[in-house]
Each structure stands twice: as structure tokens, then as C-alpha cells.
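For reference, the structure is listed below as C-alpha cells.
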Amino acid sequence: YNYCLPIIGIGGLILFTQFSKGMVNMLNLATTFSFLAAPIIAFINFKAIQSKNFPESHRPPKWMIGLAYVGFMAMVGFAIYYITSLVVG
């Protein structure tokens, strides 16, 4: 950890100084990937928690499962809205 942290910091500094003109494009790309990946990761996580391999005693209660559905739909909605706003302008 003590070796990796300075390397990550130096790498970030190099990215910032060398690619500062393209930083907006890189930020837009990262934001797009985040909005698209979040619902996929949430779905995989939800399926893993609901699988038969997951102990019943550690599964969330029904109200939390309902809340997970609402959160998943919100993530999908925000992803659709974000992509639509990029396409439309």
C-alpha cells in the first residue's frame, strides 16, 4: 500500500498535466461508462444476493428487496436520461 499510493498519485499527476486539454472528453467518457455500468453491476449484485448459494439468514428482508427494485429502476432511468441528453444535446 505504501508503494502503490505514491505511484497512483504520480500517475494521476502525469495524466492531469499531459492530457489536460482532453480532460473534458475523458471525464465525459468516464461518466458515460459509470451511468451505463451501474445498472448492470446492480443487477448482478441483486442476482447474487438472491441466489440459492447465498445463505438465507444473510438475505435482506422483503422491504429492502423492494427498495432495491426501486433503486435499480432509478439507475436505469438515469442512464436512459443521460444517454438521451447526450444524443439530443
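Ordering of the C-alpha cells sets the chain letters (A, B, ...), residue numbers begin anew at 1 in every chain, and ligands are numbered from 1 in the order given.
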
Residues within 12 Å of stretch 26-39 of chain A, only C-alpha atoms, excluding chain neighbours under 2 positions, as a tab-separated table (two decimals) with N, CA, C and O atoms, in the first residue's frame:
```
chain	number	residue	atom	x	y	z
A	15	LEU	N	-1.25	12.17	-15.80
A	15	LEU	CA	-2.47	12.24	-16.62
A	15	LEU	C	-3.01	13.66	-16.67
A	15	LEU	O	-3.42	14.14	-17.73
A	16	PHE	N	-3.04	14.31	-15.53
A	16	PHE	CA	-3.58	15.66	-15.47
A	16	PHE	C	-2.73	16.64	-16.27
A	16	PHE	O	-3.26	17.46	-17.01
A	19	PHE	N	-2.60	15.43	-20.29
A	19	PHE	CA	-3.85	15.31	-21.03
A	19	PHE	C	-4.90	16.31	-20.54
A	19	PHE	O	-6.09	16.05	-20.63
A	20	SER	N	-4.46	17.46	-20.07
A	20	SER	CA	-5.42	18.42	-19.53
A	20	SER	C	-6.37	18.97	-20.60
A	20	SER	O	-7.51	19.30	-20.30
A	21	LYS	N	-5.92	19.05	-21.83
A	21	LYS	CA	-6.81	19.53	-22.90
A	21	LYS	C	-7.90	18.52	-23.21
A	21	LYS	O	-9.01	18.89	-23.56
A	22	GLY	N	-7.58	17.26	-23.08
A	22	GLY	CA	-8.57	16.21	-23.35
A	22	GLY	C	-9.26	15.74	-22.09
A	22	GLY	O	-9.94	14.72	-22.11
A	23	MET	N	-9.11	16.47	-20.99
A	23	MET	CA	-9.68	16.06	-19.72
A	23	MET	C	-11.21	16.04	-19.77
A	23	MET	O	-11.83	15.15	-19.19
A	24	VAL	N	-11.80	16.98	-20.47
A	24	VAL	CA	-13.27	17.02	-20.55
A	24	VAL	C	-13.78	15.79	-21.28
A	24	VAL	O	-14.76	15.16	-20.85
A	41	ILE	N	-24.06	-3.63	-12.86
A	41	ILE	CA	-23.44	-4.11	-11.63
A	41	ILE	C	-24.50	-4.33	-10.56
A	41	ILE	O	-24.47	-5.32	-9.82
A	42	ALA	N	-25.49	-3.43	-10.48
A	42	ALA	CA	-26.57	-3.59	-9.50
A	42	ALA	C	-27.38	-4.85	-9.78
A	42	ALA	O	-27.74	-5.57	-8.85
A	43	PHE	N	-27.66	-5.12	-11.04
A	43	PHE	CA	-28.41	-6.32	-11.40
A	43	PHE	C	-27.63	-7.58	-11.02
A	43	PHE	O	-28.20	-8.52	-10.45
A	44	ILE	N	-26.35	-7.61	-11.33
A	44	ILE	CA	-25.51	-8.77	-10.99
A	44	ILE	C	-25.46	-8.96	-9.48
A	44	ILE	O	-25.57	-10.08	-8.97
A	45	ASN	N	-25.30	-7.87	-8.74
A	45	ASN	CA	-25.26	-7.94	-7.29
A	45	ASN	C	-26.59	-8.45	-6.73
A	45	ASN	O	-26.61	-9.30	-5.83
A	46	PHE	N	-27.71	-7.94	-7.26
A	46	PHE	CA	-29.03	-8.37	-6.80
A	46	PHE	C	-29.23	-9.86	-7.06
A	46	PHE	O	-29.75	-10.59	-6.21
A	68	ALA	N	-34.57	-2.20	-3.38
A	68	ALA	CA	-33.55	-2.48	-4.39
A	68	ALA	C	-34.14	-2.39	-5.79
A	68	ALA	O	-33.49	-1.88	-6.72
A	69	TYR	N	-35.38	-2.89	-5.96
A	69	TYR	CA	-36.05	-2.76	-7.26
A	69	TYR	C	-36.24	-1.29	-7.63
A	69	TYR	O	-36.00	-0.89	-8.77
A	70	VAL	N	-36.67	-0.50	-6.67
A	70	VAL	CA	-36.87	0.94	-6.93
A	70	VAL	C	-35.55	1.60	-7.30
A	70	VAL	O	-35.47	2.39	-8.25
A	71	GLY	N	-34.49	1.28	-6.56
A	71	GLY	CA	-33.17	1.84	-6.87
A	71	GLY	C	-32.66	1.41	-8.23
A	71	GLY	O	-32.07	2.20	-8.97
A	72	PHE	N	-32.90	0.14	-8.57
A	72	PHE	CA	-32.48	-0.36	-9.88
A	72	PHE	C	-33.21	0.38	-11.00
A	72	PHE	O	-32.60	0.79	-11.98
A	73	MET	N	-34.50	0.56	-10.83
A	73	MET	CA	-35.27	1.28	-11.85
A	73	MET	C	-34.82	2.75	-11.95
A	73	MET	O	-34.78	3.31	-13.05
A	74	ALA	N	-34.47	3.34	-10.82
A	74	ALA	CA	-33.96	4.72	-10.84
A	74	ALA	C	-32.64	4.78	-11.60
A	74	ALA	O	-32.42	5.71	-12.40
A	75	MET	N	-31.75	3.81	-11.38
A	75	MET	CA	-30.47	3.80	-12.10
A	75	MET	C	-30.69	3.63	-13.60
A	75	MET	O	-30.03	4.30	-14.40
A	76	VAL	N	-31.59	2.75	-13.97
A	76	VAL	CA	-31.89	2.55	-15.39
A	76	VAL	C	-32.47	3.84	-15.98
A	76	VAL	O	-32.10	4.26	-17.07
A	77	GLY	N	-33.38	4.47	-15.23
A	77	GLY	CA	-33.97	5.72	-15.70
A	77	GLY	C	-32.94	6.82	-15.88
A	77	GLY	O	-32.96	7.53	-16.89
A	78	PHE	N	-32.04	6.96	-14.92
A	78	PHE	CA	-31.00	7.97	-15.05
A	78	PHE	C	-30.05	7.66	-16.21
A	78	PHE	O	-29.60	8.57	-16.90
A	79	ALA	N	-29.76	6.38	-16.43
A	79	ALA	CA	-28.90	6.01	-17.55
A	79	ALA	C	-29.56	6.37	-18.88
A	79	ALA	O	-28.92	6.92	-19.77
A	80	ILE	N	-30.84	6.06	-18.99
A	80	ILE	CA	-31.57	6.40	-20.22
A	80	ILE	C	-31.63	7.91	-20.41
A	80	ILE	O	-31.41	8.42	-21.52
A	81	TYR	N	-31.92	8.62	-19.33
A	81	TYR	CA	-31.97	10.09	-19.41
A	81	TYR	C	-30.60	10.66	-19.81
A	81	TYR	O	-30.53	11.56	-20.65
A	82	TYR	N	-29.53	10.13	-19.24
A	82	TYR	CA	-28.19	10.65	-19.55
A	82	TYR	C	-27.85	10.40	-21.01
A	82	TYR	O	-27.35	11.30	-21.70
A	83	ILE	N	-28.08	9.20	-21.47
A	83	ILE	CA	-27.77	8.87	-22.88
A	83	ILE	C	-28.64	9.72	-23.81
A	83	ILE	O	-28.17	10.24	-24.82
A	84	THR	N	-29.92	9.89	-23.46
A	84	THR	CA	-30.81	10.72	-24.28
A	84	THR	C	-30.32	12.16	-24.32
A	84	THR	O	-30.32	12.80	-25.39
A	85	SER	N	-29.89	12.68	-23.17
A	85	SER	CA	-29.39	14.07	-23.17
A	85	SER	C	-28.11	14.22	-23.97
A	85	SER	O	-27.87	15.29	-24.53
A	86	LEU	N	-27.30	13.18	-24.05
A	86	LEU	CA	-26.10	13.25	-24.89
A	86	LEU	C	-26.46	13.24	-26.37
A	86	LEU	O	-25.85	13.96	-27.16
A	87	VAL	N	-27.42	12.42	-26.73
A	87	VAL	CA	-27.80	12.30	-28.13
A	87	VAL	C	-28.56	13.53	-28.61
A	87	VAL	O	-28.27	14.07	-29.68
```

### Query
DSSP says helix (DSSP H, G or I) for which residues of chain A? Put them as a PyMOL selection string?
chain A and resi 4-18+23-50+56-58+62-88

Residue contacts of stretch 59-62 of chain A (12 Å, only C-alpha atoms) excluding same-chain residues fewer than 5 positions away, as a short mmCIF file (atom, residue, chain, number, x, y, z; two decimals) with all heavy atoms, in the first residue's frame:
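Listing of selection.cif after writing:
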```cif
data_model
loop_
_atom_site.label_atom_id
_atom_site.label_comp_id
_atom_site.auth_asym_id
_atom_site.auth_seq_id
_atom_site.Cartn_x
_atom_site.Cartn_y
_atom_site.Cartn_z
N PHE A 46 -27.71 -7.94 -7.26
CA PHE A 46 -29.03 -8.37 -6.80
C PHE A 46 -29.23 -9.86 -7.06
O PHE A 46 -29.75 -10.59 -6.21
CB PHE A 46 -30.11 -7.55 -7.49
CG PHE A 46 -31.48 -7.85 -7.00
CD1 PHE A 46 -31.90 -7.40 -5.76
CD2 PHE A 46 -32.35 -8.61 -7.76
CE1 PHE A 46 -33.17 -7.68 -5.29
CE2 PHE A 46 -33.61 -8.90 -7.30
CZ PHE A 46 -34.03 -8.44 -6.06
N LYS A 47 -28.84 -10.32 -8.23
CA LYS A 47 -28.98 -11.75 -8.56
C LYS A 47 -28.10 -12.60 -7.65
O LYS A 47 -28.48 -13.70 -7.26
CB LYS A 47 -28.64 -12.01 -10.03
CG LYS A 47 -29.72 -11.57 -10.96
CD LYS A 47 -30.97 -12.36 -10.66
CE LYS A 47 -32.06 -12.07 -11.63
NZ LYS A 47 -33.29 -12.76 -11.29
N ALA A 48 -26.91 -12.12 -7.33
CA ALA A 48 -26.01 -12.88 -6.45
C ALA A 48 -26.61 -13.01 -5.05
O ALA A 48 -26.54 -14.08 -4.43
CB ALA A 48 -24.65 -12.20 -6.39
N ILE A 49 -27.21 -11.94 -4.55
CA ILE A 49 -27.79 -11.97 -3.20
C ILE A 49 -29.01 -12.87 -3.16
O ILE A 49 -29.31 -13.48 -2.15
CB ILE A 49 -28.15 -10.53 -2.76
CG1 ILE A 49 -26.91 -9.71 -2.68
CG2 ILE A 49 -28.95 -10.51 -1.50
CD1 ILE A 49 -26.50 -9.22 -1.35
N GLN A 50 -29.75 -12.94 -4.26
CA GLN A 50 -30.97 -13.75 -4.30
C GLN A 50 -30.73 -15.20 -4.71
O GLN A 50 -31.67 -15.99 -4.75
CB GLN A 50 -31.97 -13.11 -5.26
CG GLN A 50 -32.46 -11.75 -4.82
CD GLN A 50 -33.19 -11.82 -3.50
OE1 GLN A 50 -33.99 -12.71 -3.25
NE2 GLN A 50 -32.91 -10.88 -2.62
N SER A 51 -29.49 -15.57 -5.01
CA SER A 51 -29.22 -16.92 -5.47
C SER A 51 -29.35 -17.94 -4.33
O SER A 51 -29.33 -17.60 -3.16
CB SER A 51 -27.81 -17.01 -6.08
OG SER A 51 -26.84 -17.02 -5.07
N LYS A 52 -29.48 -19.17 -4.71
CA LYS A 52 -29.62 -20.25 -3.72
C LYS A 52 -28.31 -20.50 -2.99
O LYS A 52 -28.31 -21.10 -1.92
CB LYS A 52 -30.10 -21.52 -4.41
CG LYS A 52 -31.50 -21.37 -4.95
CD LYS A 52 -31.97 -22.62 -5.64
CE LYS A 52 -33.37 -22.36 -6.19
NZ LYS A 52 -33.90 -23.46 -6.91
N ASN A 53 -27.20 -20.06 -3.56
CA ASN A 53 -25.90 -20.24 -2.92
C ASN A 53 -25.67 -19.27 -1.77
O ASN A 53 -24.75 -19.45 -0.98
CB ASN A 53 -24.78 -20.10 -3.95
CG ASN A 53 -24.86 -21.16 -5.02
OD1 ASN A 53 -25.30 -22.28 -4.76
ND2 ASN A 53 -24.46 -20.80 -6.22
N PHE A 54 -26.46 -18.21 -1.73
CA PHE A 54 -26.33 -17.20 -0.68
C PHE A 54 -27.16 -17.65 0.53
O PHE A 54 -28.33 -17.99 0.37
CB PHE A 54 -26.82 -15.84 -1.21
CG PHE A 54 -26.33 -14.67 -0.44
CD1 PHE A 54 -25.06 -14.18 -0.63
CD2 PHE A 54 -27.14 -14.05 0.49
CE1 PHE A 54 -24.59 -13.09 0.07
CE2 PHE A 54 -26.69 -12.96 1.21
CZ PHE A 54 -25.40 -12.49 1.00
N LEU A 67 -37.01 -2.02 -2.12
CA LEU A 67 -36.21 -0.80 -2.25
C LEU A 67 -35.11 -0.99 -3.30
O LEU A 67 -34.80 -0.06 -4.05
CB LEU A 67 -35.61 -0.44 -0.90
CG LEU A 67 -34.95 0.92 -0.76
CD1 LEU A 67 -35.95 2.03 -1.03
CD2 LEU A 67 -34.37 1.07 0.64
N ALA A 68 -34.57 -2.20 -3.38
CA ALA A 68 -33.55 -2.48 -4.39
C ALA A 68 -34.14 -2.39 -5.79
O ALA A 68 -33.49 -1.88 -6.72
CB ALA A 68 -32.94 -3.86 -4.16
N TYR A 69 -35.38 -2.89 -5.96
CA TYR A 69 -36.05 -2.76 -7.26
C TYR A 69 -36.24 -1.29 -7.63
O TYR A 69 -36.00 -0.89 -8.77
CB TYR A 69 -37.40 -3.45 -7.25
CG TYR A 69 -37.34 -4.95 -7.46
CD1 TYR A 69 -37.81 -5.82 -6.50
CD2 TYR A 69 -36.84 -5.48 -8.64
CE1 TYR A 69 -37.77 -7.19 -6.68
CE2 TYR A 69 -36.78 -6.85 -8.84
CZ TYR A 69 -37.26 -7.70 -7.85
OH TYR A 69 -37.21 -9.04 -8.04
#
```
